[in-house]
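Visitor: File model_23.tsv below, TSV, C-alpha atoms:
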chain	number	residue	atom	x	y	z
A	11	MET	CA	-101.80	93.15	9.81
A	12	THR	CA	-100.74	90.56	12.36
A	13	HIS	CA	-104.31	90.15	13.47
A	14	ALA	CA	-105.42	89.49	9.89
A	15	LEU	CA	-102.85	86.71	9.30
A	16	ALA	CA	-103.70	85.04	12.57
A	17	SER	CA	-107.38	85.01	11.82
A	18	GLY	CA	-106.74	83.26	8.48
A	19	SER	CA	-107.59	86.15	6.14
A	20	VAL	CA	-105.76	88.86	4.22
A	21	GLY	CA	-107.75	92.02	3.96
A	22	THR	CA	-111.34	91.06	3.33
A	23	ARG	CA	-110.54	87.75	1.44
A	24	PRO	CA	-110.28	84.60	3.62
A	25	LEU	CA	-107.42	82.15	3.15
A	26	ARG	CA	-108.15	78.57	2.09
A	27	ARG	CA	-107.03	76.13	4.65
A	28	CYS	CA	-105.12	73.06	3.46
A	29	GLY	CA	-107.19	70.66	5.49
A	30	ARG	CA	-110.40	71.45	3.64
A	31	TRP	CA	-109.26	70.86	-0.01
A	32	PRO	CA	-106.89	68.07	-1.22
A	33	LEU	CA	-103.54	69.09	-2.64
A	34	TRP	CA	-103.78	66.55	-5.56
A	35	PRO	CA	-106.82	65.65	-7.67
A	36	GLN	CA	-108.47	62.42	-6.61
A	37	PRO	CA	-108.71	59.61	-9.24
A	38	ARG	CA	-112.11	59.10	-10.76
A	39	GLN	CA	-113.84	55.92	-9.78
A	40	SER	CA	-113.90	53.38	-12.68
A	41	ARG	CA	-117.26	52.18	-13.84
A	42	ALA	CA	-117.77	48.43	-14.39
A	43	PHE	CA	-119.05	46.96	-17.67
A	44	THR	CA	-122.72	46.30	-17.88
A	45	LEU	CA	-124.12	42.94	-18.94
A	46	ILE	CA	-125.31	44.38	-22.25
A	47	GLU	CA	-121.84	45.68	-23.08
A	48	LEU	CA	-120.30	42.29	-22.35
A	49	VAL	CA	-122.88	40.54	-24.53
A	50	ILE	CA	-122.17	42.93	-27.41
A	51	VAL	CA	-118.42	42.35	-27.17
A	52	LEU	CA	-118.87	38.58	-27.11
A	53	ALA	CA	-121.21	38.73	-30.10
A	54	VAL	CA	-118.68	40.76	-32.10
A	55	MET	CA	-115.90	38.31	-31.21
A	56	ALA	CA	-118.07	35.35	-32.28
A	57	VAL	CA	-118.83	36.99	-35.65
A	58	LEU	CA	-115.14	37.71	-36.26
A	59	ALA	CA	-114.19	34.14	-35.32
A	60	ALA	CA	-116.81	32.75	-37.71
A	61	ILE	CA	-115.36	34.86	-40.54
A	62	VAL	CA	-111.66	34.34	-39.83
A	63	THR	CA	-111.58	30.60	-38.97
A	64	PRO	CA	-112.63	29.25	-42.42
A	65	ARG	CA	-110.30	31.67	-44.16
A	66	PHE	CA	-107.42	30.58	-41.94
A	67	ALA	CA	-108.15	26.90	-42.59
A	68	SER	CA	-108.29	27.50	-46.34
A	69	ALA	CA	-105.03	29.44	-46.26
A	70	GLN	CA	-103.40	26.64	-44.26
A	71	SER	CA	-104.57	24.07	-46.81
A	72	ARG	CA	-103.20	26.10	-49.71
A	73	TYR	CA	-99.90	26.53	-47.90
A	74	GLU	CA	-99.53	22.78	-47.24
A	75	ALA	CA	-100.49	21.82	-50.81
A	76	ASP	CA	-98.07	24.38	-52.27
A	77	LEU	CA	-95.35	23.26	-49.88
A	78	ALA	CA	-95.75	19.56	-50.77
A	79	ALA	CA	-95.88	20.16	-54.53
A	80	GLY	CA	-93.01	22.63	-54.32
A	81	ARG	CA	-90.86	20.17	-52.39
A	82	LEU	CA	-91.55	17.37	-54.89
A	83	ALA	CA	-90.92	19.58	-57.92
A	84	GLY	CA	-87.78	21.00	-56.31
A	85	ASP	CA	-86.36	17.57	-55.53
A	86	LEU	CA	-87.10	16.38	-59.08
A	87	ARG	CA	-85.25	19.38	-60.48
A	88	LEU	CA	-82.33	18.65	-58.15
A	89	VAL	CA	-82.16	15.03	-59.33
A	90	GLN	CA	-82.44	16.21	-62.92
A	91	ARG	CA	-79.56	18.65	-62.51
A	92	THR	CA	-77.41	16.04	-60.74
A	93	ALA	CA	-78.03	13.51	-63.54
A	94	ARG	CA	-76.97	16.08	-66.11
A	95	GLU	CA	-73.88	17.21	-64.21
A	96	CYS	CA	-72.68	13.67	-63.39
A	97	GLY	CA	-73.70	12.16	-66.73
A	98	VAL	CA	-75.64	9.28	-65.15
A	99	ARG	CA	-79.21	7.99	-65.06
A	100	LEU	CA	-80.98	8.67	-61.75
A	101	LEU	CA	-84.33	7.31	-60.58
A	102	VAL	CA	-86.82	8.73	-58.06
A	103	LYS	CA	-89.06	5.93	-56.72
A	104	PHE	CA	-92.57	6.59	-55.39
A	105	ASP	CA	-94.46	4.85	-52.62
A	106	PHE	CA	-98.11	5.76	-53.17
A	107	GLU	CA	-99.36	3.85	-50.12
A	108	LYS	CA	-97.41	6.08	-47.74
A	109	VAL	CA	-97.30	9.20	-49.94
A	110	ARG	CA	-93.54	9.36	-50.03
A	111	TYR	CA	-90.66	9.06	-52.49
A	112	HIS	CA	-87.09	7.79	-52.41
A	113	LEU	CA	-84.27	9.94	-53.71
A	114	PRO	CA	-81.16	8.37	-55.25
A	115	PRO	CA	-78.13	8.22	-52.90
A	116	ALA	CA	-76.28	10.82	-54.96
A	117	VAL	CA	-78.96	13.36	-54.04
A	118	GLY	CA	-80.73	12.15	-50.90
A	119	GLY	CA	-77.66	11.80	-48.72
A	120	ALA	CA	-78.67	11.32	-45.08
A	121	THR	CA	-82.38	11.83	-45.84
A	122	PRO	CA	-83.16	9.74	-48.92
A	123	VAL	CA	-86.87	9.38	-48.11
A	124	VAL	CA	-89.26	12.35	-48.16
A	125	GLU	CA	-92.56	11.84	-46.33
A	126	LEU	CA	-95.15	14.15	-47.90
A	127	SER	CA	-97.84	12.90	-45.51
A	128	ALA	CA	-95.89	14.10	-42.45
A	129	ALA	CA	-95.38	17.61	-41.11
A	130	PRO	CA	-94.94	20.22	-42.39
A	131	PHE	CA	-96.59	18.99	-45.63
A	132	ARG	CA	-99.49	16.82	-44.37
A	133	ALA	CA	-100.45	16.09	-47.96
A	134	LYS	CA	-102.59	13.25	-49.28
A	135	LEU	CA	-102.53	11.52	-52.65
A	136	SER	CA	-105.57	12.21	-54.83
A	137	GLY	CA	-104.42	10.45	-57.98
A	138	ALA	CA	-101.51	9.57	-60.22
A	139	ALA	CA	-100.76	8.38	-63.72
A	140	TRP	CA	-97.42	7.00	-64.82
A	141	MET	CA	-95.62	4.97	-67.47
A	142	GLY	CA	-93.66	1.82	-66.75
A	143	GLU	CA	-92.08	1.61	-63.31
A	144	ARG	CA	-93.50	3.56	-60.40
A	145	GLY	CA	-91.03	6.39	-60.52
A	146	ILE	CA	-89.37	9.06	-62.62
A	147	ALA	CA	-85.93	8.57	-64.16
A	148	PHE	CA	-83.72	11.22	-65.74
A	149	ASP	CA	-81.11	10.41	-68.36
A	150	PRO	CA	-77.58	11.95	-68.51
A	151	LEU	CA	-79.06	14.88	-70.47
A	152	GLY	CA	-81.57	15.66	-67.75
A	153	ARG	CA	-84.56	14.43	-69.76
A	154	ALA	CA	-87.29	12.33	-68.19
A	155	THR	CA	-87.33	8.78	-69.57
A	156	SER	CA	-91.04	8.35	-68.74
A	157	SER	CA	-94.09	10.46	-68.00
A	158	MET	CA	-95.81	10.89	-64.66
A	159	ALA	CA	-98.48	13.09	-63.09
A	160	ILE	CA	-99.10	13.14	-59.33
A	161	SER	CA	-101.92	15.00	-57.56
A	162	LEU	CA	-101.42	16.01	-53.93
A	163	PHE	CA	-104.05	17.71	-51.82
A	164	SER	CA	-104.61	19.19	-48.39
A	165	GLY	CA	-108.09	20.22	-47.38
A	166	ASP	CA	-109.74	21.60	-50.53
A	167	SER	CA	-106.46	22.63	-52.21
A	168	VAL	CA	-104.84	20.39	-54.81
A	169	ARG	CA	-101.62	20.61	-56.81
A	170	THR	CA	-100.50	18.31	-59.62
A	171	VAL	CA	-96.84	17.80	-60.52
A	172	ARG	CA	-96.24	16.68	-64.12
A	173	VAL	CA	-93.18	15.35	-65.89
A	174	THR	CA	-93.29	14.50	-69.60
A	175	SER	CA	-91.17	11.83	-71.25
A	176	GLY	CA	-88.29	13.20	-73.33
A	177	SER	CA	-88.66	16.67	-71.83
A	178	THR	CA	-86.82	18.60	-69.15
A	179	ALA	CA	-89.94	20.51	-68.05
A	180	ILE	CA	-91.35	19.91	-64.56
A	181	GLU	CA	-94.73	21.62	-64.21
A	182	VAL	CA	-97.13	22.27	-61.34
A	183	ASP	CA	-100.82	23.06	-61.91
A	184	ARG	CA	-104.08	22.99	-59.97
A	185	VAL	CA	-106.03	20.46	-62.02
A	186	PRO	CA	-106.57	17.30	-59.93
A	187	LEU	CA	-106.36	13.66	-60.91
A	188	ARG	CA	-108.49	11.00	-59.28
A	189	GLY	CA	-107.40	7.43	-58.79
A	190	LEU	CA	-104.35	5.63	-60.09
A	191	ALA	CA	-103.65	4.49	-63.62
A	192	GLN	CA	-100.60	3.00	-65.29
A	193	VAL	CA	-99.53	2.31	-68.86
A	194	GLY	CA	-96.55	0.35	-70.11
A	195	GLU	CA	-93.18	1.82	-70.93
A	196	THR	CA	-93.92	1.40	-74.64
A	197	ALA	CA	-97.03	3.59	-74.47
A	198	THR	CA	-97.06	6.70	-76.63
A	199	ASP	CA	-97.39	10.25	-75.37
A	200	ALA	CA	-100.91	10.37	-76.81
A	201	GLU	CA	-101.91	7.30	-74.81
A	202	PHE	CA	-100.50	8.82	-71.65
A	203	GLU	CA	-102.30	12.12	-72.25
A	204	ALA	CA	-105.54	10.21	-72.75
A	205	LEU	CA	-104.91	8.49	-69.43
A	206	VAL	CA	-104.32	11.80	-67.66
A	207	SER	CA	-107.44	13.30	-69.24
A	208	ALA	CA	-109.51	10.36	-68.04
A	209	ARG	CA	-108.19	10.77	-64.49
A	210	ARG	CA	-108.94	14.48	-64.57
A	211	THR	CA	-112.43	13.89	-65.93
A	212	ALA	CA	-113.08	11.51	-63.03
A	213	ALA	CA	-112.03	14.24	-60.60
A	214	ARG	CA	-114.46	16.87	-61.92
A	215	GLY	CA	-117.19	17.64	-59.43
A	216	ALA	CA	-115.92	14.93	-57.07
A	217	THR	CA	-114.83	15.43	-53.50
A	218	LEU	CA	-111.09	15.15	-52.96
A	219	ARG	CA	-110.15	11.94	-51.18
A	220	SER	CA	-107.13	9.77	-50.63
A	221	VAL	CA	-106.33	6.87	-52.92
A	222	SER	CA	-107.31	3.56	-51.33
A	223	ALA	CA	-105.16	0.45	-51.05
A	224	SER	CA	-107.49	-1.42	-53.43
A	225	GLU	CA	-106.96	1.23	-56.10
A	226	ILE	CA	-103.20	0.92	-55.73
A	227	ALA	CA	-103.41	-2.87	-56.05
A	228	ALA	CA	-105.69	-2.60	-59.09
A	229	ALA	CA	-103.32	-0.14	-60.78
A	230	ASP	CA	-100.38	-2.46	-60.16
A	231	ALA	CA	-102.32	-5.42	-61.57
A	232	ALA	CA	-103.33	-3.43	-64.65
A	233	GLY	CA	-99.73	-2.33	-65.14
A	234	ARG	CA	-98.49	-5.91	-65.03
A	235	ALA	CA	-101.19	-6.97	-67.49
A	236	ILE	CA	-100.20	-4.20	-69.93
A	237	LYS	CA	-96.54	-5.07	-69.66
Rewrite the structure of this file - the entire thing - as structure tokens.
Guide:
Amino acid sequence: MTHALASGSVGTRPLRRCGRWPLWPQPRQSRAFTLIELVIVLAVMAVLAAIVTPRFASAQSRYEADLAAGRLAGDLRLVQRTARECGVRLLVKFDFEKVRYHLPPAVGGATPVVELSAAPFRAKLSGAAWMGERGIAFDPLGRATSSMAISLFSGDSVRTVRVTSGSTAIEVDRVPLRGLAQVGETATDAEFEALVSARRTAARGATLRSVSASEIAAADAAGRAIK
């Protein structure tokens, strides 16, 4: 028995010596990517980028247009509610050249000017139609004293905010206006609707673009002539 253990075997079956076989399994050697595999991966990534990038840009444009129109409509409703609660007439003035508006001190507080062309809105002015002064006023009952429609766009997304004279409704739709047009304070609702329809007809099939300084000057001149 002692002779068998010394010789490295038990009975007729030899013992495995530790030096010949490893105690733990050796890790398998990793295989590198081939050139064809890398080309396939890059091609798939390029296809996905081509599909996702336009969709992301379109979604970003819709978000900015909704954000700008929502901010404008929300501020108008806030001014309207403040005018009704305080029993005063409040005016929101618009600066079409810089795509911004001025809130009355009772509402604006420390930030009376809202820049719709700056982040996070980055909106541009496509068109506008208004009666009388370049702004929207609300009487002590919260009714608009004049009508106005303003189209804001970002990318290929456009939103139009509308306020109707004598009404408390503030609406947002997706029908664009092109260019600026103004009628006098004594204009009727029918005349204003005809003006809006003409601006919307001009926008059909046309590429969205910002209102130019010459258009703003022409609208002001026409407004003074009507008055």
Visitor: At what distance in Å, to one decimal, does atom CA of A:Ala138 lie from atom CA of A:Ala191?
Guide: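 Interatomic distance here is 6.5 Å.
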Visitor: Rounded to one decimal, what separation in Å do you get between atom CA of A:Leu100 and atom CA of A:Asp85?
Guide: 12.1 Å
Visitor: My list of candidates is A:Leu151, A:Cys96, A:Val221, A:Met141. Which is closest to A:Val173 when distances are computed with all atoms listed in the file?
Guide: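 Of all the options, A:Met141 lies closest to A:Val173.
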Visitor: Mind giving me the straight-line distance from atom CA of A:Val171 to atom CA of A:Arg210 in Å, one decimal?
Guide: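 Between these atoms lies a distance of 13.2 Å.
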Visitor: For A:Ser177, which of A:Arg209, A:Arg99, A:Arg219, A:Arg153 is the closest residue, counting only C-alpha atoms?
Guide: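 Smallest distance to A:Ser177 is found for A:Arg153.
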Visitor: Would you mind writing stretch 89-105 of chain A with N, CA and C atoms, as a short mmCIF file (atom, residue, chain, number, x, y, z; two decimals), keeping the file's coordinate frame?
Guide:
data_model
loop_
_atom_site.label_atom_id
_atom_site.label_comp_id
_atom_site.auth_asym_id
_atom_site.auth_seq_id
_atom_site.Cartn_x
_atom_site.Cartn_y
_atom_site.Cartn_z
N VAL A 89 -82.60 16.30 -58.76
CA VAL A 89 -82.16 15.03 -59.33
C VAL A 89 -81.85 15.20 -60.82
N GLN A 90 -82.67 15.95 -61.49
CA GLN A 90 -82.44 16.21 -62.92
C GLN A 90 -81.11 16.90 -63.15
N ARG A 91 -80.82 17.93 -62.36
CA ARG A 91 -79.56 18.65 -62.51
C ARG A 91 -78.37 17.76 -62.16
N THR A 92 -78.51 16.93 -61.12
CA THR A 92 -77.41 16.04 -60.74
C THR A 92 -77.14 15.01 -61.84
N ALA A 93 -78.20 14.48 -62.45
CA ALA A 93 -78.03 13.51 -63.54
C ALA A 93 -77.30 14.15 -64.71
N ARG A 94 -77.62 15.39 -64.99
CA ARG A 94 -76.97 16.08 -66.11
C ARG A 94 -75.51 16.40 -65.79
N GLU A 95 -75.25 16.84 -64.57
CA GLU A 95 -73.88 17.21 -64.21
C GLU A 95 -72.97 15.99 -64.08
N CYS A 96 -73.50 14.87 -63.59
CA CYS A 96 -72.68 13.67 -63.39
C CYS A 96 -72.70 12.75 -64.60
N GLY A 97 -73.62 13.01 -65.54
CA GLY A 97 -73.70 12.16 -66.73
C GLY A 97 -74.16 10.75 -66.44
N VAL A 98 -75.13 10.61 -65.51
CA VAL A 98 -75.64 9.28 -65.15
C VAL A 98 -77.17 9.31 -65.19
N ARG A 99 -77.75 8.12 -65.14
CA ARG A 99 -79.21 7.99 -65.06
C ARG A 99 -79.60 7.86 -63.59
N LEU A 100 -80.54 8.68 -63.15
CA LEU A 100 -80.98 8.67 -61.75
C LEU A 100 -82.49 8.45 -61.70
N LEU A 101 -82.92 7.69 -60.71
CA LEU A 101 -84.33 7.31 -60.58
C LEU A 101 -84.88 7.78 -59.24
N VAL A 102 -86.08 8.37 -59.27
CA VAL A 102 -86.82 8.73 -58.06
C VAL A 102 -88.00 7.77 -57.95
N LYS A 103 -88.01 6.94 -56.90
CA LYS A 103 -89.06 5.93 -56.72
C LYS A 103 -90.17 6.48 -55.82
N PHE A 104 -91.42 6.11 -56.14
CA PHE A 104 -92.57 6.59 -55.39
C PHE A 104 -93.25 5.45 -54.65
N ASP A 105 -93.69 5.77 -53.45
CA ASP A 105 -94.46 4.85 -52.62
C ASP A 105 -95.82 5.50 -52.39
#
